[in-house]
file start-v3.tsv (TSV, C-alpha atoms)
chain	number	residue	atom	x	y	z
A	727	MET	CA	-74.20	118.32	11.89
A	728	ASN	CA	-77.25	118.35	14.17
A	729	ALA	CA	-77.45	114.59	13.98
A	730	GLN	CA	-73.77	114.27	14.95
A	731	LEU	CA	-74.19	116.63	17.88
A	732	SER	CA	-77.22	114.71	19.08
A	733	ARG	CA	-75.24	111.44	18.96
A	734	ILE	CA	-72.46	113.06	21.00
A	735	GLN	CA	-74.99	114.27	23.58
A	736	GLU	CA	-76.62	110.83	23.76
A	737	ALA	CA	-73.23	109.14	24.21
A	738	LEU	CA	-72.28	111.52	27.03
A	739	SER	CA	-75.60	110.95	28.77
A	740	LEU	CA	-75.07	107.20	29.12
A	741	PRO	CA	-74.75	106.10	32.77
A	742	HIS	CA	-71.40	105.08	34.23
A	743	ARG	CA	-70.95	102.63	37.09
A	744	ILE	CA	-68.19	103.82	39.43
A	745	GLN	CA	-67.41	102.01	42.69
A	746	GLY	CA	-70.85	100.47	42.72
A	747	HIS	CA	-72.69	103.74	42.03
A	748	LEU	CA	-74.57	104.45	38.81
A	749	LEU	CA	-73.78	108.02	37.73
A	750	TYR	CA	-75.53	110.03	35.02
A	751	ASN	CA	-74.09	112.93	33.05
A	752	THR	CA	-75.64	115.70	30.99
A	753	ALA	CA	-73.92	117.70	28.27
A	754	SER	CA	-74.20	121.42	27.62
A	755	ILE	CA	-72.83	121.98	24.12
A	756	GLY	CA	-71.95	125.27	22.45
A	757	VAL	CA	-71.19	125.33	18.74
A	758	SER	CA	-69.49	127.73	16.34
A	759	ILE	CA	-69.04	127.03	12.63
A	760	TYR	CA	-66.20	127.86	10.23
A	761	PRO	CA	-66.33	130.13	8.27
A	762	GLN	CA	-69.88	131.27	9.12
A	763	ASN	CA	-68.95	132.43	12.62
A	764	GLY	CA	-65.31	133.32	11.90
A	765	GLU	CA	-62.04	132.10	10.46
A	766	ASP	CA	-59.74	132.31	13.49
A	767	ALA	CA	-59.58	129.17	15.65
A	768	ASP	CA	-59.27	131.00	18.97
A	769	TYR	CA	-62.19	133.25	18.04
A	770	LEU	CA	-64.35	130.25	17.10
A	771	VAL	CA	-63.57	128.57	20.42
A	772	LYS	CA	-64.52	131.75	22.28
A	773	GLN	CA	-67.84	131.89	20.42
A	774	ALA	CA	-68.59	128.23	21.16
A	775	ASP	CA	-67.74	128.90	24.79
A	776	LEU	CA	-70.27	131.77	24.92
A	777	ALA	CA	-72.94	129.51	23.47
A	778	MET	CA	-72.14	126.79	26.01
A	779	PHE	CA	-72.39	129.14	28.98
A	780	HIS	CA	-75.74	130.38	27.69
A	781	VAL	CA	-76.95	126.77	27.62
A	782	LYS	CA	-75.85	126.35	31.24
A	783	GLU	CA	-77.62	129.51	32.33
A	784	SER	CA	-80.78	128.42	30.51
A	785	GLY	CA	-81.15	125.05	32.21
A	786	ARG	CA	-78.25	122.93	30.84
A	787	ASN	CA	-78.36	119.67	28.84
A	788	SER	CA	-78.93	121.28	25.45
A	789	ILE	CA	-77.16	122.36	22.25
A	790	LEU	CA	-76.84	125.93	20.98
A	791	GLN	CA	-75.05	127.47	18.03
A	792	TYR	CA	-73.37	130.84	18.41
A	793	SER	CA	-75.00	133.81	16.71
A	794	GLU	CA	-74.53	137.56	16.74
A	795	GLU	CA	-77.94	137.87	18.41
A	796	LEU	CA	-76.71	135.61	21.22
A	797	GLU	CA	-73.59	137.74	21.78
A	798	GLU	CA	-75.71	140.90	21.80
A	799	SER	CA	-78.05	139.32	24.35
A	800	ILE	CA	-75.12	138.38	26.60
A	801	ARG	CA	-73.61	141.85	26.23
A	802	ARG	CA	-76.96	143.43	27.13
A	803	ARG	CA	-77.25	141.28	30.25
A	804	LYS	CA	-73.77	142.26	31.40
A	805	VAL	CA	-74.49	145.97	30.92
A	806	LEU	CA	-77.85	145.80	32.69
A	807	SER	CA	-76.43	143.76	35.58
A	808	GLN	CA	-73.74	146.39	36.08
A	809	GLN	CA	-76.19	149.28	35.87
A	810	LEU	CA	-78.51	147.66	38.41
A	811	LEU	CA	-75.82	148.03	41.06
A	812	SER	CA	-76.18	151.81	41.00
A	813	ALA	CA	-79.76	152.18	39.75
A	814	ALA	CA	-81.21	153.12	43.14
A	815	VAL	CA	-78.50	155.70	43.84
A	816	ASN	CA	-79.02	157.20	40.38
A	817	ASP	CA	-82.79	157.48	40.96
A	818	GLU	CA	-83.65	155.17	38.06
A	819	PHE	CA	-86.28	153.13	39.93
A	820	GLU	CA	-89.91	153.98	40.48
A	821	VAL	CA	-92.65	152.12	42.33
A	822	HIS	CA	-96.02	151.91	40.61
A	823	TYR	CA	-99.18	150.67	42.31
A	824	GLN	CA	-102.03	148.51	41.01
A	825	PRO	CA	-105.28	148.79	42.99
A	826	ILE	CA	-106.93	145.62	44.32
A	827	LEU	CA	-110.65	145.77	45.02
A	828	ALA	CA	-112.59	144.06	47.80
A	829	SER	CA	-115.18	141.88	46.07
A	830	ASP	CA	-118.02	142.67	48.46
A	831	SER	CA	-117.71	146.47	48.80
A	832	LEU	CA	-115.86	147.17	45.51
A	833	LYS	CA	-113.64	149.55	47.47
A	834	VAL	CA	-109.86	149.49	47.19
A	835	ALA	CA	-108.68	146.84	49.65
A	836	LYS	CA	-104.97	147.37	49.03
A	837	LEU	CA	-102.34	148.19	46.41
A	838	GLU	CA	-99.72	145.95	44.86
A	839	ALA	CA	-96.31	147.62	44.63
A	840	LEU	CA	-94.60	146.98	41.28
A	841	LEU	CA	-91.04	148.06	40.57
A	842	ARG	CA	-90.23	149.88	37.31
A	843	TRP	CA	-86.73	150.61	35.99
A	844	THR	CA	-85.49	152.91	33.25
A	845	SER	CA	-81.95	151.98	32.20
A	846	PRO	CA	-79.76	154.95	31.18
A	847	SER	CA	-78.66	153.09	28.03
A	848	HIS	CA	-81.61	150.80	27.18
A	849	GLY	CA	-84.63	152.76	28.39
A	850	PRO	CA	-87.52	151.01	30.20
A	851	VAL	CA	-86.63	147.40	31.06
A	852	SER	CA	-89.26	144.80	31.91
A	853	PRO	CA	-89.21	143.41	35.47
A	854	ALA	CA	-89.30	139.97	33.86
A	855	GLU	CA	-85.82	140.75	32.54
A	856	PHE	CA	-84.16	142.79	35.26
A	857	ILE	CA	-85.43	140.97	38.38
A	858	PRO	CA	-83.71	137.66	37.45
A	859	LEU	CA	-80.53	139.63	36.68
A	860	ALA	CA	-80.73	141.29	40.07
A	861	GLU	CA	-81.18	137.92	41.77
A	862	THR	CA	-78.20	136.29	40.05
A	863	SER	CA	-75.93	139.31	40.58
A	864	GLY	CA	-76.90	139.72	44.25
A	865	SER	CA	-78.17	143.28	43.83
A	866	ILE	CA	-81.73	142.13	44.62
A	867	VAL	CA	-81.09	142.61	48.35
A	868	SER	CA	-80.24	146.30	48.11
A	869	ILE	CA	-82.96	146.84	45.48
A	870	GLY	CA	-85.49	145.09	47.70
A	871	SER	CA	-84.54	147.33	50.63
A	872	TRP	CA	-85.01	150.41	48.44
A	873	VAL	CA	-88.47	149.20	47.39
A	874	LEU	CA	-89.56	148.53	50.98
A	875	ARG	CA	-88.44	152.01	52.07
A	876	GLN	CA	-90.17	153.68	49.13
A	877	VAL	CA	-93.42	151.77	49.75
A	878	CYS	CA	-93.39	152.69	53.45
A	879	SER	CA	-92.73	156.31	52.53
A	880	ASP	CA	-95.67	156.33	50.09
A	881	LEU	CA	-97.99	154.64	52.60
A	882	SER	CA	-97.03	157.21	55.21
A	883	ARG	CA	-97.82	160.02	52.78
A	884	PHE	CA	-101.18	158.43	51.95
A	885	ARG	CA	-102.05	158.23	55.65
A	886	THR	CA	-101.09	161.85	56.17
A	887	ASP	CA	-103.62	162.67	53.45
A	888	GLY	CA	-106.29	160.55	55.15
A	889	LEU	CA	-105.92	157.36	53.09
A	890	GLU	CA	-105.23	154.31	55.28
A	891	LEU	CA	-104.07	152.01	52.50
A	892	THR	CA	-102.06	148.79	52.69
A	893	ALA	CA	-99.57	147.51	50.13
A	894	ALA	CA	-98.51	144.09	48.89
A	895	VAL	CA	-94.77	143.89	48.15
A	896	ASN	CA	-92.96	141.07	46.34
A	897	ILE	CA	-90.18	139.42	48.36
A	898	SER	CA	-87.66	137.03	46.77
A	899	ALA	CA	-86.16	133.91	48.30
A	900	VAL	CA	-82.78	135.67	48.41
A	901	GLN	CA	-84.26	138.46	50.55
A	902	LEU	CA	-86.01	135.99	52.85
A	903	MET	CA	-82.73	134.24	53.53
A	904	GLN	CA	-81.10	137.50	54.67
A	905	PRO	CA	-80.94	137.52	58.50
A	906	GLY	CA	-81.64	141.26	58.69
A	907	LEU	CA	-84.94	141.32	56.79
A	908	THR	CA	-87.21	141.30	59.84
A	909	GLY	CA	-85.15	144.00	61.54
A	910	LEU	CA	-85.26	146.16	58.40
A	911	LEU	CA	-89.04	145.85	58.10
A	912	LEU	CA	-89.64	146.63	61.77
A	913	ALA	CA	-87.30	149.63	61.59
A	914	LEU	CA	-89.08	151.00	58.51
A	915	LEU	CA	-92.51	150.52	60.08
A	916	ALA	CA	-91.33	152.39	63.17
A	917	GLU	CA	-89.65	155.17	61.17
A	918	TYR	CA	-92.77	155.84	59.11
A	919	ARG	CA	-95.17	155.15	61.99
A	920	LEU	CA	-97.01	152.37	60.19
A	921	PRO	CA	-98.76	149.34	61.70
A	922	SER	CA	-97.43	145.95	60.62
A	923	SER	CA	-100.81	145.27	59.02
A	924	SER	CA	-100.04	147.92	56.40
A	925	LEU	CA	-97.66	145.55	54.60
A	926	GLU	CA	-98.38	142.23	52.91
A	927	LEU	CA	-95.37	140.27	51.69
A	928	GLU	CA	-95.85	138.34	48.45
A	929	ILE	CA	-93.83	135.21	47.79
A	930	THR	CA	-93.93	132.79	44.87
A	931	GLU	CA	-94.54	129.06	45.09
A	932	SER	CA	-90.90	128.31	44.28
A	933	VAL	CA	-89.88	130.06	47.52
A	934	LEU	CA	-91.71	127.42	49.55
A	935	VAL	CA	-89.34	124.68	48.42
A	936	SER	CA	-86.20	126.68	49.28
A	937	GLY	CA	-85.67	125.01	52.66
A	938	ASP	CA	-86.46	125.24	56.35
A	939	ASN	CA	-84.72	128.62	56.65
A	940	ILE	CA	-87.53	130.10	54.58
A	941	LEU	CA	-90.13	128.57	56.88
A	942	SER	CA	-88.55	130.05	60.01
A	943	SER	CA	-88.18	133.43	58.30
A	944	LEU	CA	-91.86	133.48	57.30
A	945	GLN	CA	-92.92	132.43	60.79
A	946	GLU	CA	-90.86	135.24	62.31
A	947	LEU	CA	-92.32	137.84	59.94
A	948	ARG	CA	-95.87	136.67	60.54
A	949	GLY	CA	-95.23	136.68	64.27
A	950	HIS	CA	-94.69	140.43	64.02
A	951	GLY	CA	-98.08	140.92	62.38
A	952	LEU	CA	-96.98	141.00	58.73
A	953	ARG	CA	-99.28	139.17	56.34
A	954	ILE	CA	-97.96	136.61	53.82
A	955	SER	CA	-99.51	135.99	50.41
A	956	LEU	CA	-98.68	133.24	47.93
A	957	ASP	CA	-98.42	134.71	44.42
A	958	ASP	CA	-99.08	132.92	41.09
A	959	PHE	CA	-100.77	130.02	42.86
A	960	GLY	CA	-101.10	126.90	40.72
A	961	THR	CA	-98.08	127.46	38.46
A	962	GLY	CA	-95.21	126.31	40.70
A	963	PHE	CA	-94.23	123.54	43.06
A	964	SER	CA	-96.53	123.96	46.02
A	965	SER	CA	-99.01	121.36	47.20
A	966	LEU	CA	-101.69	121.15	49.85
A	967	SER	CA	-99.07	120.09	52.37
A	968	TYR	CA	-97.18	123.35	51.80
A	969	LEU	CA	-100.34	125.38	52.35
A	970	ARG	CA	-100.86	123.68	55.70
A	971	ARG	CA	-97.21	123.84	56.73
A	972	PHE	CA	-96.28	127.39	55.78
A	973	PRO	CA	-97.75	130.53	57.42
A	974	VAL	CA	-99.72	131.89	54.47
A	975	ASP	CA	-102.69	134.26	54.79
A	976	VAL	CA	-103.64	134.92	51.17
A	977	ILE	CA	-103.68	132.93	47.92
A	978	LYS	CA	-103.33	134.78	44.61
A	979	ILE	CA	-104.80	132.75	41.74
A	980	ASP	CA	-102.51	133.00	38.72
A	981	ARG	CA	-103.76	134.96	35.74
A	982	SER	CA	-103.46	131.89	33.48
A	983	PHE	CA	-106.39	130.26	35.32
A	984	ILE	CA	-108.44	133.45	35.06
A	985	SER	CA	-107.85	133.80	31.32
A	986	GLU	CA	-109.01	130.21	30.72
A	987	MET	CA	-112.34	130.63	32.53
A	988	THR	CA	-115.47	130.42	30.38
A	989	LEU	CA	-119.21	130.81	30.97
A	990	GLU	CA	-119.77	127.26	29.70
A	991	PRO	CA	-120.68	124.46	32.11
A	992	GLN	CA	-117.52	123.39	33.99
A	993	GLY	CA	-115.73	126.42	32.55
A	994	ASP	CA	-115.03	127.76	36.01
A	995	VAL	CA	-114.61	124.52	37.93
A	996	LEU	CA	-110.84	124.86	38.53
A	997	VAL	CA	-110.98	128.43	39.83
A	998	LYS	CA	-114.06	127.59	41.90
A	999	SER	CA	-112.23	124.64	43.48
A	1000	ILE	CA	-109.20	126.78	44.36
A	1001	ILE	CA	-111.42	129.41	45.99
A	1002	GLU	CA	-113.37	126.83	47.99
A	1003	LEU	CA	-110.20	125.01	49.07
A	1004	SER	CA	-108.55	128.24	50.17
A	1005	HIS	CA	-111.59	129.29	52.18
A	1006	ASN	CA	-111.74	125.87	53.84
A	1007	LEU	CA	-108.12	126.41	54.91
A	1008	GLY	CA	-108.97	129.85	56.29
A	1009	LEU	CA	-107.16	131.72	53.51
A	1010	LYS	CA	-108.30	134.77	51.58
A	1011	VAL	CA	-108.26	134.68	47.77
A	1012	VAL	CA	-107.10	137.33	45.30
A	1013	SER	CA	-107.84	136.78	41.60
A	1014	GLU	CA	-105.33	138.59	39.38
A	1015	GLY	CA	-105.19	139.19	35.66
A	1016	ILE	CA	-108.85	140.23	35.27
A	1017	GLU	CA	-109.22	141.88	31.87
A	1018	GLN	CA	-112.93	141.47	31.06
A	1019	ALA	CA	-116.22	142.40	32.71
A	1020	GLU	CA	-117.38	138.79	32.43
A	1021	GLN	CA	-114.36	137.59	34.44
A	1022	PHE	CA	-114.93	140.32	37.02
A	1023	ASP	CA	-118.59	139.39	37.54
A	1024	LEU	CA	-117.98	135.63	37.55
A	1025	LEU	CA	-115.21	135.83	40.14
A	1026	ARG	CA	-117.44	137.87	42.42
A	1027	ARG	CA	-120.11	135.19	42.14
A	1028	LEU	CA	-117.55	132.46	42.84
A	1029	GLY	CA	-116.53	134.18	46.09
A	1030	SER	CA	-113.07	135.55	45.31
A	1031	ASP	CA	-112.34	137.94	48.19
A	1032	GLU	CA	-110.31	140.43	46.17
A	1033	LEU	CA	-110.00	141.34	42.49
A	1034	GLN	CA	-107.05	142.66	40.49
A	1035	GLY	CA	-106.32	143.32	36.83
A	1036	TYR	CA	-106.32	145.74	33.91
A	1037	TYR	CA	-110.14	145.73	33.84
A	1038	ILE	CA	-109.97	147.53	37.19
A	1039	SER	CA	-106.82	149.55	36.60
A	1040	ARG	CA	-103.33	149.39	35.18
A	1041	PRO	CA	-100.42	150.07	37.56
A	1042	MET	CA	-99.96	153.79	38.19
A	1043	GLN	CA	-97.68	156.24	39.92
A	1044	ALA	CA	-98.37	156.97	43.58
A	1045	VAL	CA	-99.59	160.48	42.80
A	1046	ASP	CA	-102.34	159.06	40.54
A	1047	ILE	CA	-103.85	156.91	43.30
A	1048	TYR	CA	-105.86	159.88	44.58
A	1049	SER	CA	-107.73	160.45	41.31
A	1050	PHE	CA	-108.32	156.72	40.87
A	1051	LEU	CA	-109.90	156.46	44.30
A	1052	SER	CA	-112.33	159.26	43.55
A	1053	GLN	CA	-113.23	157.73	40.17
A	1054	ASN	CA	-113.46	154.24	41.67
A	1055	ASN	CA	-116.21	155.36	44.04
A	1056	LEU	CA	-118.28	156.39	41.03
A	1057	ILE	CA	-117.46	153.65	38.51
A	1058	PHE	CA	-117.66	150.47	40.58
A	1059	ALA	CA	-120.50	151.66	42.81
A	1060	LYS	CA	-122.74	151.14	39.78
A	1061	LYS	CA	-121.86	147.46	39.38

call {"tool": "encode", "arguments": {"input": "start-v3.tsv", "output": "structure tokens"}}
result
Amino acid sequence: MNAQLSRIQEALSLPHRIQGHLLYNTASIGVSIYPQNGEDADYLVKQADLAMFHVKESGRNSILQYSEELEESIRRRKVLSQQLLSAAVNDEFEVHYQPILASDSLKVAKLEALLRWTSPSHGPVSPAEFIPLAETSGSIVSIGSWVLRQVCSDLSRFRTDGLELTAAVNISAVQLMQPGLTGLLLALLAEYRLPSSSLELEITESVLVSGDNILSSLQELRGHGLRISLDDFGTGFSSLSYLRRFPVDVIKIDRSFISEMTLEPQGDVLVKSIIELSHNLGLKVVSEGIEQAEQFDLLRRLGSDELQGYYISRPMQAVDIYSFLSQNNLIFAKK
């Protein structure tokens, strides 16, 4: 059967010349099998249809057979997408913070805000699962607004207690394309009496190829004193031309590069090159995903401006930042 399906897919992918234009097709194929997946024709068609739509959502141009696990996965996604619409109102979200150290002083330079969600029916859900659902359903805009307000509220509370901390917050392409984002940020900064320098907006490389509207939005935000950082650098679509064209202040080296560093000759050449290039462009560098003392020490020697990872601290609730700061002064002062 697999061979037959592959031949069908190959036949459908052949180019067609129509009115002088050569057109190419791709085929997304869902399959259900009698009697393994059912004995009713309408039911089998429905199952094949589910499999086909999953192929489309996963990148298209592939073949997938229906299974009970697939239906359960689709059902879970529908439930979670629906619950996300009211998650903020139901107080299901929480912002955790991961400290980022300055490489020279080993003091906390800033915090990265990380959203956590506990579904009423499925318990804790990974951001890797619920963020894409929020983006496709459109709820990411309201969720993003909730996160920005919560972060500003926490920063204001820190400052009241004598801690002038800044926070890096992830911003999606969908949020950046909303015309009211700048107004929302400025209103929140004014409401909580925060300087614009207290927020750093993190974007991914894929955002940079989303069009000129993104460029104008980033320029507007930066014009109001907000800093822009490029997250997961080296894993997406950006190039040197993007770094020169877009208003970026900080480069975050992806954890995959950090994990592959070694103490052998040339074992750090890629990370070293990224750091040197970024500095030559006037950009600061954050190295994330640090899990070992050897990585921590090597990145300091290579000149990474800021350091982040489980070796320093796991993400924590806002209330735990105080105890971490007091411990940090003792632990990292010895290094």

call {"tool": "residues_around", "arguments": {"input": "start-v3.tsv", "residues": "Gln904 in chain A", "least_positions_apart": "2", "cutoff": "10 Å", "atoms": "only C-alpha atoms", "output": "number ranges by chain"}}
result
A: 867, 899-902, 906-908, 939-940, 943

call {"tool": "atom_distance", "arguments": {"input": "start-v3.tsv", "atom1": "CA of Glu1032 in chain A", "atom2": "CA of Val851 in chain A"}}
result
28.9 Å

call {"tool": "closest_residue", "arguments": {"input": "start-v3.tsv", "among": "A:Ala916, A:Ala753, A:Ile1047, A:Ala777", "to": "Leu790 in chain A", "atoms": "all atoms listed in the file"}}
result
A:Ala777

call {"tool": "closest_atom_pairs", "arguments": {"input": "start-v3.tsv", "of": "range 857-959 of chain A", "to": "range 820-827 of chain A", "cutoff": "10 Å", "atoms": "all atoms listed in the file", "output": "Markdown table"}}
result
| residue | atom | partner | partner_atom | distance |
| --- | --- | --- | --- | --- |
| A:Trp872 | CA | A:Val821 | CA | 9.9 |
| A:Val873 | CA | A:Val821 | CA | 7.2 |
| A:Leu874 | CA | A:Val821 | CA | 9.9 |
| A:Gln876 | CA | A:Val821 | CA | 7.4 |
| A:Val877 | CA | A:Val821 | CA | 7.5 |
| A:Asp880 | CA | A:Val821 | CA | 9.3 |
| A:Ala893 | CA | A:Tyr823 | CA | 8.4 |
| A:Ala894 | CA | A:Tyr823 | CA | 9.3 |
| A:Val895 | CA | A:Tyr823 | CA | 10.0 |

call {"tool": "residues_around", "arguments": {"input": "start-v3.tsv", "residues": "range 779-782 of chain A", "least_positions_apart": "2", "cutoff": "12 Å", "atoms": "all atoms listed in the file", "output": "list in words"}}
result
Thr752, Ala753, Ser754, Ile755, Gly756, Val757, Lys772, Gln773, Ala774, Asp775, Leu776, Ala777, Ser784, Gly785, Arg786, Asn787, Ser788, Ile789, Leu790, Gln791, Tyr792, Ser793, Leu796, Glu797, Ser799, Ile800, Arg801 and Arg803 of chain A

call {"tool": "write_last_selection", "arguments": {"input": "start-v3.tsv", "atoms": "C-alpha atoms", "output": "CSV table (one decimal), keeping the file's coordinate frame"}}
result
chain,number,residue,atom,x,y,z
A,752,THR,CA,-75.6,115.7,31.0
A,753,ALA,CA,-73.9,117.7,28.3
A,754,SER,CA,-74.2,121.4,27.6
A,755,ILE,CA,-72.8,122.0,24.1
A,756,GLY,CA,-72.0,125.3,22.4
A,757,VAL,CA,-71.2,125.3,18.7
A,772,LYS,CA,-64.5,131.8,22.3
A,773,GLN,CA,-67.8,131.9,20.4
A,774,ALA,CA,-68.6,128.2,21.2
A,775,ASP,CA,-67.7,128.9,24.8
A,776,LEU,CA,-70.3,131.8,24.9
A,777,ALA,CA,-72.9,129.5,23.5
A,784,SER,CA,-80.8,128.4,30.5
A,785,GLY,CA,-81.2,125.0,32.2
A,786,ARG,CA,-78.2,122.9,30.8
A,787,ASN,CA,-78.4,119.7,28.8
A,788,SER,CA,-78.9,121.3,25.4
A,789,ILE,CA,-77.2,122.4,22.2
A,790,LEU,CA,-76.8,125.9,21.0
A,791,GLN,CA,-75.0,127.5,18.0
A,792,TYR,CA,-73.4,130.8,18.4
A,793,SER,CA,-75.0,133.8,16.7
A,796,LEU,CA,-76.7,135.6,21.2
A,797,GLU,CA,-73.6,137.7,21.8
A,799,SER,CA,-78.0,139.3,24.4
A,800,ILE,CA,-75.1,138.4,26.6
A,801,ARG,CA,-73.6,141.8,26.2
A,803,ARG,CA,-77.2,141.3,30.2

call {"tool": "closest_residue", "arguments": {"input": "start-v3.tsv", "among": "A:Phe959, A:Tyr968, A:Phe819, A:Tyr1036", "to": "Val997 in chain A", "atoms": "only C-alpha atoms"}}
result
A:Phe959

call {"tool": "residues_around", "arguments": {"input": "start-v3.tsv", "residues": "Gly1015 in chain A", "least_positions_apart": "5", "cutoff": "10 Å", "atoms": "all atoms listed in the file", "output": "PyMOL selection string"}}
result
chain A and resi 979-985+1021-1022+1033-1038

call {"tool": "atom_distance", "arguments": {"input": "start-v3.tsv", "atom1": "CA of Lys1010 in chain A", "atom2": "CA of Lys978 in chain A"}}
result
8.6 Å

call {"tool": "atom_distance", "arguments": {"input": "start-v3.tsv", "atom1": "CA of Arg1026 in chain A", "atom2": "CA of Leu881 in chain A"}}
result
27.6 Å

call {"tool": "residues_around", "arguments": {"input": "start-v3.tsv", "residues": "Leu810 in chain A", "least_positions_apart": "3", "cutoff": "8 Å", "atoms": "all atoms listed in the file", "output": "list in words"}}
result
Leu806, Ser807, Ala813, Ala814, Ala860 and Ser865 of chain A

call {"tool": "closest_residue", "arguments": {"input": "start-v3.tsv", "among": "A:Ala767, A:Leu749, A:Ile977, A:Leu832", "to": "Gly960 in chain A", "atoms": "all atoms listed in the file"}}
result
A:Ile977

call {"tool": "residues_near_point", "arguments": {"input": "start-v3.tsv", "point": "(-96.0, 160.1, 60.4)", "cutoff": "10 Å", "atoms": "only C-alpha atoms", "output": "VMD selection string"}}
result
chain A and resid 879 881 to 883 885 to 886 916 to 920

call {"tool": "residues_around", "arguments": {"input": "start-v3.tsv", "residues": "Pro921 in chain A", "least_positions_apart": "3", "cutoff": "10 Å", "atoms": "all atoms listed in the file", "output": "JSON, numbers by chain"}}
result
{"A": [892, 912, 915, 916, 918, 924, 925, 951, 952]}

call {"tool": "closest_residue", "arguments": {"input": "start-v3.tsv", "among": "A:Gly993, A:Gly1008, A:Gly888, A:Gly764", "to": "Arg970 in chain A", "atoms": "all atoms listed in the file"}}
result
A:Gly1008

call {"tool": "closest_residue", "arguments": {"input": "start-v3.tsv", "among": "A:Leu748, A:Ala913, A:Ile897, A:Ile1000", "to": "Leu944 in chain A", "atoms": "all atoms listed in the file"}}
result
A:Ile897

call {"tool": "closest_residue", "arguments": {"input": "start-v3.tsv", "among": "A:Asp994, A:Ala839, A:Ser923, A:Ser1004", "to": "Arg1040 in chain A", "atoms": "only C-alpha atoms"}}
result
A:Ala839

call {"tool": "residues_near_point", "arguments": {"input": "start-v3.tsv", "point": "(-119.8, 134.4, 30.9)", "cutoff": "8 Å", "atoms": "only C-alpha atoms", "output": "list in words"}}
result
Thr988, Leu989, Glu990, Glu1020, Gln1021 and Leu1024 of chain A
